>>> print(open('protein-v7.tsv').read())   # TSV, C-alpha atoms and all ligand atoms
chain	number	residue	atom	x	y	z
A	1	MET	CA	144.08	59.17	93.76
A	2	LYS	CA	145.72	55.86	94.61
A	3	ASP	CA	143.63	55.62	97.77
A	4	TYR	CA	140.44	56.10	95.77
A	5	ILE	CA	141.44	53.41	93.25
A	6	ASP	CA	142.45	50.96	96.00
A	7	GLU	CA	139.18	51.58	97.80
A	8	ARG	CA	137.18	50.85	94.65
A	9	LEU	CA	139.16	47.66	93.88
A	10	ASP	CA	139.03	46.44	97.46
A	11	GLY	CA	137.71	42.91	97.91
A	12	LEU	CA	138.09	41.89	94.25
A	13	LYS	CA	140.18	39.00	92.98
A	14	LEU	CA	142.02	41.17	90.47
A	15	ASN	CA	143.21	38.25	88.32
A	16	GLU	CA	139.59	37.34	87.68
A	17	CYS	CA	138.59	40.77	86.38
A	18	TRP	CA	138.17	40.40	82.64
A	19	ASP	CA	136.45	43.11	80.62
A	20	VAL	CA	134.10	41.04	78.47
A	21	HIS	CA	133.33	43.59	75.75
A	22	ALA	CA	135.90	45.75	73.94
A	23	HIS	CA	136.48	46.59	70.29
A	24	LEU	CA	139.55	46.66	68.14
A	25	LEU	CA	139.28	49.35	65.48
A	26	GLY	CA	141.56	50.85	62.93
A	27	VAL	CA	141.81	53.01	59.85
A	28	GLY	CA	142.91	50.23	57.48
A	29	ASP	CA	146.53	51.22	56.91
A	30	SER	CA	148.25	48.05	58.16
A	31	ASN	CA	147.63	45.55	55.32
A	32	SER	CA	146.05	43.33	57.97
A	33	GLY	CA	142.64	43.27	56.31
A	34	ILE	CA	141.16	45.90	58.64
A	35	TYR	CA	138.53	47.77	56.69
A	36	ILE	CA	136.60	50.87	57.54
A	37	LYS	CA	133.96	52.26	55.24
A	38	PRO	CA	135.45	55.17	53.29
A	39	PRO	CA	134.04	58.59	54.13
A	40	LYS	CA	132.41	58.94	50.68
A	41	GLY	CA	129.12	60.78	51.04
A	42	LEU	CA	130.10	62.13	54.42
A	43	SER	CA	130.19	65.88	54.54
A	44	LYS	CA	133.50	67.44	55.57
A	45	PRO	CA	132.50	68.29	59.16
A	46	LYS	CA	131.38	64.70	59.77
A	47	GLU	CA	134.67	63.35	58.48
A	48	GLN	CA	136.38	65.83	60.78
A	49	ILE	CA	134.41	64.40	63.72
A	50	ARG	CA	135.50	60.90	62.73
A	51	GLN	CA	139.17	61.93	62.60
A	52	ASN	CA	138.88	63.68	65.95
A	53	LEU	CA	137.24	60.62	67.52
A	54	PHE	CA	140.12	58.46	66.38
A	55	LYS	CA	142.51	60.89	68.03
A	56	TYR	CA	140.74	60.20	71.33
A	57	PHE	CA	141.20	56.48	70.82
A	58	THR	CA	144.87	56.78	69.98
A	59	LYS	CA	145.90	59.81	72.06
A	60	SER	CA	148.02	60.83	69.12
A	61	THR	CA	148.32	64.22	67.57
A	62	ILE	CA	149.46	62.83	64.25
A	63	SER	CA	147.23	60.81	61.91
A	64	PRO	CA	145.90	57.73	63.70
A	65	THR	CA	146.88	54.26	62.47
A	66	ASP	CA	145.81	50.65	63.09
A	67	TYR	CA	148.91	50.22	65.26
A	68	SER	CA	148.43	53.41	67.26
A	69	TYR	CA	144.88	52.34	68.13
A	70	LEU	CA	146.11	48.94	69.28
A	71	GLU	CA	149.04	50.46	71.23
A	72	TYR	CA	146.81	52.83	73.15
A	73	PHE	CA	144.12	50.21	73.86
A	74	GLY	CA	146.69	47.61	74.91
A	75	SER	CA	148.57	50.00	77.17
A	76	CYS	CA	145.35	51.20	78.86
A	77	ALA	CA	144.46	47.56	79.59
A	78	THR	CA	147.97	46.79	80.87
A	79	GLU	CA	148.11	49.86	83.07
A	80	ALA	CA	144.56	49.61	84.48
A	81	PHE	CA	145.62	47.30	87.33
A	82	PRO	CA	147.58	44.05	87.61
A	83	GLY	CA	145.48	41.11	86.43
A	84	PHE	CA	143.02	43.13	84.34
A	85	LYS	CA	142.39	41.86	80.80
A	86	SER	CA	140.10	42.98	77.98
A	87	LEU	CA	138.45	40.74	75.43
A	88	ALA	CA	139.51	42.36	72.13
A	89	PHE	CA	136.86	41.74	69.49
A	90	ALA	CA	137.39	40.85	65.87
A	91	PHE	CA	134.41	41.92	63.75
A	92	THR	CA	133.32	39.97	60.69
A	93	ALA	CA	131.79	41.39	57.50
A	94	PHE	CA	128.14	41.65	56.51
A	95	HIS	CA	127.46	38.34	54.73
A	96	ASP	CA	124.72	37.74	52.19
A	97	SER	CA	122.41	34.71	52.37
A	98	ASP	CA	124.87	32.73	50.20
A	99	GLY	CA	127.54	33.21	52.84
A	100	GLN	CA	129.55	35.69	50.80
A	101	PRO	CA	131.17	38.57	52.71
A	102	GLN	CA	130.05	41.96	51.36
A	103	GLN	CA	132.60	44.57	52.22
A	104	HIS	CA	130.61	47.42	50.69
A	105	LEU	CA	127.72	46.66	53.09
A	106	SER	CA	130.01	46.55	56.13
A	107	ASP	CA	130.79	49.58	58.28
A	108	PHE	CA	134.03	48.05	59.42
A	109	ILE	CA	135.80	44.71	59.45
A	110	ILE	CA	138.41	43.52	61.95
A	111	PRO	CA	139.88	40.15	60.88
A	112	ASN	CA	140.28	37.36	63.41
A	113	GLU	CA	144.02	37.44	62.73
A	114	TRP	CA	144.21	40.99	64.04
A	115	SER	CA	142.57	40.06	67.36
A	116	LYS	CA	144.91	37.07	67.60
A	117	PHE	CA	147.86	39.37	66.92
A	118	ALA	CA	146.62	41.85	69.56
A	119	ALA	CA	146.47	39.06	72.15
A	120	GLN	CA	150.00	37.93	71.25
A	121	LYS	CA	151.32	41.46	71.55
A	122	PHE	CA	149.60	42.33	74.83
A	123	ASN	CA	149.18	40.01	77.78
A	124	SER	CA	146.26	42.17	78.82
A	125	LEU	CA	144.24	41.49	75.64
A	126	LEU	CA	142.38	38.28	74.76
A	127	TYR	CA	141.51	36.86	71.36
A	128	VAL	CA	137.81	36.94	70.42
A	129	ALA	CA	136.94	35.71	66.93
A	130	SER	CA	133.97	36.90	64.90
A	131	ILE	CA	132.66	34.13	62.64
A	132	HIS	CA	129.62	34.40	60.41
A	133	PRO	CA	127.44	31.28	60.63
A	134	ASN	CA	126.69	31.56	56.88
A	135	ALA	CA	130.36	31.32	55.93
A	136	GLU	CA	130.78	28.02	54.10
A	137	ASN	CA	133.59	26.86	56.39
A	138	ALA	CA	132.05	28.33	59.57
A	139	ILE	CA	132.41	25.11	61.59
A	140	GLU	CA	136.09	24.72	60.64
A	141	LEU	CA	136.67	28.38	61.48
A	142	LEU	CA	135.21	27.82	64.95
A	143	GLN	CA	137.53	24.88	65.51
A	144	GLN	CA	140.47	26.93	64.24
A	145	ALA	CA	139.60	29.86	66.52
A	146	LYS	CA	139.42	27.54	69.53
A	147	ASN	CA	142.80	26.00	68.66
A	148	ASP	CA	144.26	29.49	68.32
A	149	GLY	CA	143.13	30.45	71.81
A	150	ALA	CA	139.93	32.39	71.14
A	151	VAL	CA	137.94	32.77	74.37
A	152	ALA	CA	134.59	33.72	72.76
A	153	ILE	CA	132.79	34.52	69.50
A	154	LYS	CA	131.34	37.97	68.77
A	155	TRP	CA	128.26	38.86	66.66
A	156	LEU	CA	126.35	42.03	65.98
A	157	PRO	CA	123.34	40.54	64.18
A	158	CYS	CA	122.08	43.65	62.35
A	159	ALA	CA	125.56	44.62	61.14
A	160	HIS	CA	126.47	41.07	60.13
A	161	ASN	CA	123.06	40.08	58.75
A	162	ILE	CA	122.45	37.17	61.11
A	163	ASN	CA	119.07	36.05	62.43
A	164	PRO	CA	120.08	34.02	65.51
A	165	SER	CA	116.76	32.13	65.45
A	166	ASP	CA	117.44	30.59	62.02
A	167	LYS	CA	117.36	26.81	62.45
A	168	LYS	CA	120.06	26.30	59.85
A	169	TYR	CA	122.51	27.56	62.49
A	170	ILE	CA	121.89	24.59	64.81
A	171	PRO	CA	125.13	22.79	63.76
A	172	PHE	CA	127.01	26.05	64.42
A	173	TYR	CA	125.44	26.26	67.89
A	174	GLU	CA	126.21	22.62	68.61
A	175	THR	CA	129.84	23.30	67.74
A	176	LEU	CA	129.96	26.34	70.03
A	177	LYS	CA	128.60	24.18	72.83
A	178	LYS	CA	131.05	21.38	72.15
A	179	LEU	CA	134.00	23.78	72.05
A	180	LYS	CA	132.73	25.64	75.15
A	181	LEU	CA	132.93	28.94	73.30
A	182	PRO	CA	130.53	31.60	74.64
A	183	LEU	CA	128.65	33.70	72.06
A	184	ILE	CA	128.66	37.42	72.83
A	185	THR	CA	125.88	38.92	70.79
A	186	HIS	CA	124.27	42.30	70.59
A	187	ALA	CA	120.58	42.76	71.44
A	188	GLY	CA	118.34	45.80	71.18
A	189	SER	CA	119.00	48.76	68.91
A	190	GLU	CA	122.44	49.58	67.58
A	191	HIS	CA	123.51	53.17	66.91
A	192	ALA	CA	127.30	53.08	66.95
A	193	VAL	CA	127.47	50.95	63.80
A	194	GLN	CA	124.92	51.76	61.14
A	195	GLY	CA	124.29	51.01	57.52
A	196	SER	CA	121.31	51.37	55.25
A	197	GLN	CA	120.99	47.61	54.89
A	198	PHE	CA	120.73	46.99	58.61
A	199	ASP	CA	117.64	45.25	59.89
A	200	GLN	CA	117.39	46.29	63.54
A	201	SER	CA	114.81	43.58	64.22
A	202	LEU	CA	117.64	41.01	64.07
A	203	GLY	CA	118.65	42.34	67.50
A	204	ASN	CA	115.36	41.16	69.06
A	205	PRO	CA	116.41	39.32	72.25
A	206	LEU	CA	113.75	36.65	71.63
A	207	HIS	CA	115.80	35.41	68.65
A	208	LEU	CA	118.34	34.17	71.19
A	209	ARG	CA	116.08	31.39	72.42
A	210	LEU	CA	117.44	29.04	69.75
A	211	PRO	CA	121.13	29.19	70.77
A	212	LEU	CA	120.06	29.04	74.44
A	213	GLU	CA	117.96	25.96	73.77
A	214	CYS	CA	120.96	24.40	72.01
A	215	GLY	CA	122.90	24.84	75.26
A	216	VAL	CA	125.20	27.63	74.05
A	217	THR	CA	126.52	30.06	76.65
A	218	VAL	CA	125.02	33.31	75.38
A	219	ILE	CA	126.15	36.73	76.61
A	220	VAL	CA	123.57	39.37	75.73
A	221	ALA	CA	125.45	42.61	75.12
A	222	HIS	CA	124.43	45.75	77.05
A	223	CYS	CA	121.48	43.89	78.66
A	224	ALA	CA	119.52	45.06	75.58
A	225	THR	CA	119.11	48.44	77.28
A	226	ASP	CA	118.42	50.44	74.13
A	227	GLY	CA	115.53	50.35	71.68
A	228	PHE	CA	112.24	48.58	71.17
A	229	ASP	CA	111.41	45.20	69.68
A	230	PHE	CA	108.29	43.39	68.62
A	231	ASP	CA	107.05	40.98	71.26
A	232	PHE	CA	105.92	38.15	68.97
A	233	GLU	CA	105.39	35.77	71.91
A	234	GLU	CA	102.96	37.58	74.19
A	235	SER	CA	101.70	41.13	73.71
A	236	HIS	CA	102.22	41.38	69.92
A	237	THR	CA	103.24	45.02	70.33
A	238	GLN	CA	106.51	46.95	70.33
A	239	VAL	CA	108.00	46.84	73.83
A	240	PRO	CA	111.36	47.91	75.26
A	241	SER	CA	113.99	45.37	74.15
A	242	TYR	CA	115.02	45.21	77.80
A	243	ASN	CA	111.66	43.62	78.74
A	244	LEU	CA	112.21	40.78	76.27
A	245	PHE	CA	115.76	40.33	77.53
A	246	ALA	CA	114.37	40.19	81.10
A	247	ARG	CA	112.00	37.40	79.99
A	248	LEU	CA	114.99	35.34	78.85
A	249	MET	CA	116.81	36.02	82.12
A	250	GLU	CA	113.75	34.74	84.00
A	251	THR	CA	113.58	31.48	82.01
A	252	LYS	CA	114.68	28.80	84.48
A	253	GLU	CA	115.90	26.35	81.81
A	254	TYR	CA	118.52	28.87	80.64
A	255	GLU	CA	120.17	29.15	84.04
A	256	GLY	CA	123.89	28.47	83.64
A	257	HIS	CA	123.81	29.44	79.94
A	258	ILE	CA	122.47	32.96	79.87
A	259	TYR	CA	124.62	35.92	80.81
A	260	ALA	CA	124.51	39.60	79.96
A	261	ASP	CA	127.16	42.28	79.87
A	262	ILE	CA	126.68	45.66	81.51
A	263	SER	CA	128.92	47.43	78.98
A	264	ALA	CA	127.76	50.93	78.02
A	265	THR	CA	124.88	50.83	80.54
A	266	PRO	CA	125.98	54.10	82.24
A	267	GLN	CA	125.76	55.93	78.88
A	268	ILE	CA	123.07	58.58	78.59
A	269	ASN	CA	120.92	56.55	76.20
A	270	ARG	CA	120.92	53.46	78.49
A	271	ALA	CA	121.38	54.72	82.07
A	272	LYS	CA	117.67	54.76	82.87
A	273	TRP	CA	117.83	50.97	83.35
A	274	LEU	CA	120.69	51.13	85.87
A	275	PRO	CA	118.48	51.30	89.00
A	276	GLN	CA	116.80	48.06	87.94
A	277	LEU	CA	120.07	46.30	87.14
A	278	LEU	CA	121.63	47.39	90.43
A	279	GLN	CA	118.62	46.23	92.42
A	280	ARG	CA	118.30	42.85	90.69
A	281	GLU	CA	120.79	41.17	93.00
A	282	ASP	CA	119.29	37.82	92.01
A	283	TRP	CA	120.72	38.48	88.53
A	284	HIS	CA	124.21	39.56	89.54
A	285	HIS	CA	125.76	36.12	89.08
A	286	LYS	CA	124.68	36.38	85.40
A	287	LEU	CA	125.80	39.98	84.78
A	288	LEU	CA	129.33	40.54	83.47
A	289	ASN	CA	131.30	43.75	83.38
A	290	GLY	CA	132.44	45.06	80.01
A	291	SER	CA	133.66	48.46	78.81
A	292	ASP	CA	132.56	48.60	75.17
A	293	TYR	CA	135.91	50.32	74.63
A	294	PRO	CA	136.51	52.72	72.81
A	295	LEU	CA	133.18	54.25	73.83
A	296	PRO	CA	134.40	55.23	77.36
A	297	ALA	CA	137.00	57.39	75.59
A	298	ILE	CA	134.29	59.54	73.97
A	299	PRO	CA	133.40	62.43	76.30
A	300	ILE	CA	129.85	63.15	75.12
A	301	LEU	CA	128.49	59.63	75.71
A	302	PHE	CA	128.62	59.82	79.51
A	303	SER	CA	127.17	62.36	81.89
A	304	LEU	CA	128.65	61.87	85.34
A	305	ARG	CA	126.58	64.88	86.39
A	306	TRP	CA	123.34	63.08	85.41
A	307	LEU	CA	124.44	59.94	87.28
A	308	ALA	CA	125.19	62.02	90.41
A	309	THR	CA	121.91	63.95	90.20
A	310	ASN	CA	120.04	60.65	90.04
A	311	GLY	CA	121.82	59.28	93.08
A	312	LEU	CA	123.84	56.68	91.13
A	313	ILE	CA	127.30	58.05	92.03
A	314	SER	CA	128.57	60.54	94.61
A	315	GLU	CA	130.01	64.02	94.11
A	316	LYS	CA	133.41	62.63	95.09
A	317	ASP	CA	133.11	60.04	92.29
A	318	VAL	CA	132.35	62.74	89.72
A	319	TRP	CA	135.53	64.57	90.61
A	320	LYS	CA	137.81	61.52	90.83
A	321	LEU	CA	136.41	59.76	87.75
A	322	ASN	CA	136.81	62.88	85.62
A	323	GLN	CA	140.51	62.89	86.51
A	324	ILE	CA	140.98	59.17	85.75
A	325	LYS	CA	139.12	59.46	82.46
A	326	LYS	CA	141.83	61.76	81.12
A	327	THR	CA	144.55	59.18	81.59
A	328	ASN	CA	142.90	55.76	81.23
A	329	PRO	CA	139.39	55.32	79.80
A	330	LEU	CA	139.39	51.58	80.61
A	331	LEU	CA	140.19	52.15	84.28
A	332	PHE	CA	137.66	55.00	84.31
A	333	ASP	CA	134.93	52.67	83.03
A	334	PHE	CA	135.79	49.95	85.55
A	335	LEU	CA	135.83	52.31	88.53
A	336	LEU	CA	132.61	53.94	87.38
A	337	LYS	CA	130.88	50.54	87.46
A	338	ARG	CA	132.37	49.90	90.92
A	339	SER	CA	131.02	53.26	92.11
A	340	LEU	CA	127.46	52.84	90.87
A	341	GLN	CA	124.84	52.38	93.54
A	342	TYR	CA	121.13	52.77	93.93
A	343	LYS	CA	119.41	52.87	97.29
A	344	GLY	CA	122.24	50.90	98.84
A	345	HIS	CA	122.46	48.33	96.02
A	346	LYS	CA	125.76	47.92	94.17
A	347	PHE	CA	126.98	45.51	91.51
A	348	SER	CA	128.36	42.52	93.40
A	349	ASN	CA	131.95	41.29	93.00
A	350	GLN	CA	130.77	38.44	90.75
A	351	VAL	CA	129.82	41.02	88.09
A	352	PHE	CA	133.50	41.99	87.84
A	353	GLU	CA	135.12	38.59	88.36
A	354	THR	CA	134.14	37.31	84.93
A	355	ARG	CA	137.08	35.10	84.00
A	356	ARG	CA	135.17	32.01	85.20
A	357	ILE	CA	132.92	32.18	82.12
A	358	PHE	CA	135.81	31.98	79.63
A	359	ASP	CA	138.66	30.30	81.45
A	360	TYR	CA	136.76	27.74	83.51
A	361	GLU	CA	139.89	25.60	84.03
A	362	ASN	CA	142.23	28.23	85.41
A	363	SER	CA	139.92	30.65	87.14
A	364	ASN	CA	139.25	30.35	90.84
B	401	ZN	ZN	130.19	46.88	71.39
>>> encode(input="protein-v7.tsv", output="structure tokens")
Amino acid sequence: MKDYIDERLDGLKLNECWDVHAHLLGVGDSNSGIYIKPPKGLSKPKEQIRQNLFKYFTKSTISPTDYSYLEYFGSCATEAFPGFKSLAFAFTAFHDSDGQPQQHLSDFIIPNEWSKFAAQKFNSLLYVASIHPNAENAIELLQQAKNDGAVAIKWLPCAHNINPSDKKYIPFYETLKKLKLPLITHAGSEHAVQGSQFDQSLGNPLHLRLPLECGVTVIVAHCATDGFDFDFEESHTQVPSYNLFARLMETKEYEGHIYADISATPQINRAKWLPQLLQREDWHHKLLNGSDYPLPAIPILFSLRWLATNGLISEKDVWKLNQIKKTNPLLFDFLLKRSLQYKGHKFSNQVFETRRIFDYENSN
């Protein structure tokens, strides 16, 4: 197995390999402010599924806790390979238009302090704050996050109730630019987090023109590979969100500011776009590897068989990756991305050596 891993890592500057998209989660038992929507209204079997999922994320046979989730995530990152680090996302609350956090409309909340704590506890985890631009002290919070070592800011517009194209956010964007804090923001449909209040249209990639025009470094999560959005610029019809994302990637003025993460792209609901992403070698300097942890720990989301049948990985990969998945879902995800190929095209090393985007002073 070691030979296989070495072969897949060959040629990479390992210290530069940062996973740009991973989630902290919890059950809310640590008094840290972690919140997860109570199972009220969920039928018993569904709650059972939720409990079982958490056991995957914590590898524990006893009841999962906030700490056991963090321990397992942190140790997977540490043990993946020397130099590997994961960005560990905080996740702010749904905020109303007055800037008030609404816990009852949020699926889950991970306070910035918890991400900061995770990064202090594990060398292999990095602090990523999640700050709502409607919060009355949003600008101060950005400054604070930067001082505390945050390497980026995370949004999921439909879950947080943010329309990125709202002009009132210009001062927020100017601050992000000044502080050199990249904005990692979801685009396209969202299924993992869902609430009745969610407006999926907030994930329309075209809304990201405003932060891009303000000079913010924007990282479009998952290359918008899921869902459809209304093309209000050209065709005035619903089109795959990916097509609108591609339009942004093709906009010359955004070069140097626009990036996209390939997290979750091998999942069954997104994998159909992989041949395009692998073949777009002219994009590879703007594509960044991410795991979307804990999703790689969930067996049903990936079909290695489907990837092999479609010529995206080899039979040998199926066998080896299935073994690695049992012990380290983060390493599994990384090696899967390294194995992907389509008609001789692979993701270039730059896709994996992502530290340069966040740690421009120390990366090489
Ligand atoms: Zn995610």
>>> residues_near_ligand(input="protein-v7.tsv", ligand="ligand ZN 401 (chain B)", cutoff="7 Å", atoms="all atoms listed in the file", output="mmCIF file with C-alpha atoms, keeping the file's coordinate frame")
data_model
loop_
_atom_site.group_PDB
_atom_site.id
_atom_site.type_symbol
_atom_site.label_atom_id
_atom_site.label_comp_id
_atom_site.auth_asym_id
_atom_site.auth_seq_id
_atom_site.Cartn_x
_atom_site.Cartn_y
_atom_site.Cartn_z
ATOM 1 C CA HIS A 21 133.330 43.590 75.750
ATOM 2 C CA ALA A 22 135.900 45.750 73.940
ATOM 3 C CA HIS A 23 136.480 46.590 70.290
ATOM 4 C CA ASP A 292 132.560 48.600 75.170
#
>>> residues_around(input="protein-v7.tsv", residues="His104 (chain A)", least_positions_apart="5", cutoff="10 Å", atoms="all atoms listed in the file", output="list in words")
Tyr35, Ile36, Lys37, Pro38, Ala93, Phe94 and Gly195 of chain A
>>> closest_residue(input="protein-v7.tsv", among="A:Ala260, A:Leu330, A:Leu156, A:Ala119", to="Val218 (chain A)", atoms="all atoms listed in the file")
A:Ala260
>>> closest_atom_pairs(input="protein-v7.tsv", of="region 242-334 of chain A", to="region 164-184 of chain A", cutoff="12 Å", atoms="all atoms listed in the file", output="Markdown table")
| residue | atom | partner | partner_atom | distance |
| --- | --- | --- | --- | --- |
| A:Gly256 | CA | A:Pro182 | CA | 11.6 |
| A:His257 | CA | A:Pro182 | CA | 8.8 |
| A:Ile258 | CA | A:Pro182 | CA | 9.7 |
| A:Tyr259 | CA | A:Ile184 | CA | 9.1 |
| A:Ala260 | CA | A:Ile184 | CA | 8.5 |
| A:Asp261 | CA | A:Ile184 | CA | 8.7 |
| A:Ser263 | CA | A:Ile184 | CA | 11.8 |
| A:Leu288 | CA | A:Ile184 | CA | 11.1 |
| A:Gly290 | CA | A:Ile184 | CA | 11.1 |
>>> atom_distance(input="protein-v7.tsv", atom1="CA of Gln341 (chain A)", atom2="CA of Lys286 (chain A)")
18.0 Å
>>> decode(input="protein-v7.tsv", residues="region 106-114 of chain A", atoms="all heavy atoms", output="PDB file, in the first residue's frame")
ATOM      1  N   SER A 106     -31.378  27.917  11.274  1.00  0.00           N
ATOM      2  CA  SER A 106     -30.069  27.395  10.889  1.00  0.00           C
ATOM      3  C   SER A 106     -30.047  25.886  11.072  1.00  0.00           C
ATOM      4  O   SER A 106     -30.574  25.378  12.060  1.00  0.00           O
ATOM      5  CB  SER A 106     -28.978  27.995  11.786  1.00  0.00           C
ATOM      6  OG  SER A 106     -29.066  29.408  11.793  1.00  0.00           O
ATOM      7  N   ASP A 107     -29.457  25.174  10.121  1.00  0.00           N
ATOM      8  CA  ASP A 107     -29.306  23.723  10.264  1.00  0.00           C
ATOM      9  C   ASP A 107     -28.230  23.389  11.279  1.00  0.00           C
ATOM     10  O   ASP A 107     -28.363  22.481  12.073  1.00  0.00           O
ATOM     11  CB  ASP A 107     -28.931  23.096   8.918  1.00  0.00           C
ATOM     12  CG  ASP A 107     -30.110  22.364   8.303  1.00  0.00           C
ATOM     13  OD1 ASP A 107     -31.244  22.703   8.673  1.00  0.00           O
ATOM     14  OD2 ASP A 107     -29.897  21.468   7.479  1.00  0.00           O
ATOM     15  N   PHE A 108     -27.132  24.126  11.178  1.00  0.00           N
ATOM     16  CA  PHE A 108     -26.089  23.970  12.190  1.00  0.00           C
ATOM     17  C   PHE A 108     -25.257  25.243  12.249  1.00  0.00           C
ATOM     18  O   PHE A 108     -25.274  26.052  11.307  1.00  0.00           O
ATOM     19  CB  PHE A 108     -25.219  22.724  11.937  1.00  0.00           C
ATOM     20  CG  PHE A 108     -24.338  22.777  10.724  1.00  0.00           C
ATOM     21  CD1 PHE A 108     -22.982  23.098  10.843  1.00  0.00           C
ATOM     22  CD2 PHE A 108     -24.839  22.495   9.464  1.00  0.00           C
ATOM     23  CE1 PHE A 108     -22.153  23.121   9.724  1.00  0.00           C
ATOM     24  CE2 PHE A 108     -24.022  22.527   8.333  1.00  0.00           C
ATOM     25  CZ  PHE A 108     -22.686  22.833   8.466  1.00  0.00           C
ATOM     26  N   ILE A 109     -24.590  25.426  13.377  1.00  0.00           N
ATOM     27  CA  ILE A 109     -23.735  26.596  13.575  1.00  0.00           C
ATOM     28  C   ILE A 109     -22.423  26.100  14.195  1.00  0.00           C
ATOM     29  O   ILE A 109     -22.443  25.335  15.169  1.00  0.00           O
ATOM     30  CB  ILE A 109     -24.400  27.615  14.535  1.00  0.00           C
ATOM     31  CG1 ILE A 109     -25.733  28.114  13.957  1.00  0.00           C
ATOM     32  CG2 ILE A 109     -23.461  28.796  14.824  1.00  0.00           C
ATOM     33  CD1 ILE A 109     -26.597  28.894  14.954  1.00  0.00           C
ATOM     34  N   ILE A 110     -21.319  26.518  13.600  1.00  0.00           N
ATOM     35  CA  ILE A 110     -19.997  26.226  14.182  1.00  0.00           C
ATOM     36  C   ILE A 110     -19.335  27.577  14.434  1.00  0.00           C
ATOM     37  O   ILE A 110     -19.004  28.296  13.489  1.00  0.00           O
ATOM     38  CB  ILE A 110     -19.115  25.387  13.220  1.00  0.00           C
ATOM     39  CG1 ILE A 110     -19.811  24.097  12.758  1.00  0.00           C
ATOM     40  CG2 ILE A 110     -17.755  25.096  13.855  1.00  0.00           C
ATOM     41  CD1 ILE A 110     -20.054  23.071  13.835  1.00  0.00           C
ATOM     42  N   PRO A 111     -19.169  27.981  15.688  1.00  0.00           N
ATOM     43  CA  PRO A 111     -18.605  29.307  15.978  1.00  0.00           C
ATOM     44  C   PRO A 111     -17.154  29.438  15.497  1.00  0.00           C
ATOM     45  O   PRO A 111     -16.426  28.441  15.448  1.00  0.00           O
ATOM     46  CB  PRO A 111     -18.644  29.395  17.510  1.00  0.00           C
ATOM     47  CG  PRO A 111     -19.510  28.279  17.964  1.00  0.00           C
ATOM     48  CD  PRO A 111     -19.476  27.226  16.909  1.00  0.00           C
ATOM     49  N   ASN A 112     -16.775  30.660  15.181  1.00  0.00           N
ATOM     50  CA  ASN A 112     -15.390  30.915  14.774  1.00  0.00           C
ATOM     51  C   ASN A 112     -14.401  30.416  15.827  1.00  0.00           C
ATOM     52  O   ASN A 112     -13.344  29.896  15.497  1.00  0.00           O
ATOM     53  CB  ASN A 112     -15.179  32.413  14.528  1.00  0.00           C
ATOM     54  CG  ASN A 112     -15.948  32.884  13.305  1.00  0.00           C
ATOM     55  OD1 ASN A 112     -16.234  32.095  12.396  1.00  0.00           O
ATOM     56  ND2 ASN A 112     -16.302  34.153  13.282  1.00  0.00           N
ATOM     57  N   GLU A 113     -14.777  30.599  17.098  1.00  0.00           N
ATOM     58  CA  GLU A 113     -13.890  30.181  18.191  1.00  0.00           C
ATOM     59  C   GLU A 113     -13.547  28.691  18.115  1.00  0.00           C
ATOM     60  O   GLU A 113     -12.460  28.277  18.504  1.00  0.00           O
ATOM     61  CB  GLU A 113     -14.540  30.488  19.553  1.00  0.00           C
ATOM     62  CG  GLU A 113     -14.559  31.961  19.912  1.00  0.00           C
ATOM     63  CD  GLU A 113     -13.162  32.574  19.980  1.00  0.00           C
ATOM     64  OE1 GLU A 113     -12.261  31.921  20.553  1.00  0.00           O
ATOM     65  OE2 GLU A 113     -12.967  33.684  19.448  1.00  0.00           O
ATOM     66  N   TRP A 114     -14.499  27.913  17.651  1.00  0.00           N
ATOM     67  CA  TRP A 114     -14.276  26.460  17.595  1.00  0.00           C
ATOM     68  C   TRP A 114     -13.257  26.121  16.506  1.00  0.00           C
ATOM     69  O   TRP A 114     -12.398  25.255  16.675  1.00  0.00           O
ATOM     70  CB  TRP A 114     -15.596  25.724  17.370  1.00  0.00           C
ATOM     71  CG  TRP A 114     -15.473  24.230  17.477  1.00  0.00           C
ATOM     72  CD1 TRP A 114     -15.512  23.330  16.457  1.00  0.00           C
ATOM     73  CD2 TRP A 114     -15.284  23.439  18.677  1.00  0.00           C
ATOM     74  NE1 TRP A 114     -15.365  22.039  16.918  1.00  0.00           N
ATOM     75  CE2 TRP A 114     -15.221  22.082  18.283  1.00  0.00           C
ATOM     76  CE3 TRP A 114     -15.160  23.761  20.035  1.00  0.00           C
ATOM     77  CZ2 TRP A 114     -15.042  21.040  19.201  1.00  0.00           C
ATOM     78  CZ3 TRP A 114     -14.979  22.723  20.942  1.00  0.00           C
ATOM     79  CH2 TRP A 114     -14.922  21.381  20.525  1.00  0.00           C
TER      80      TRP A 114
END
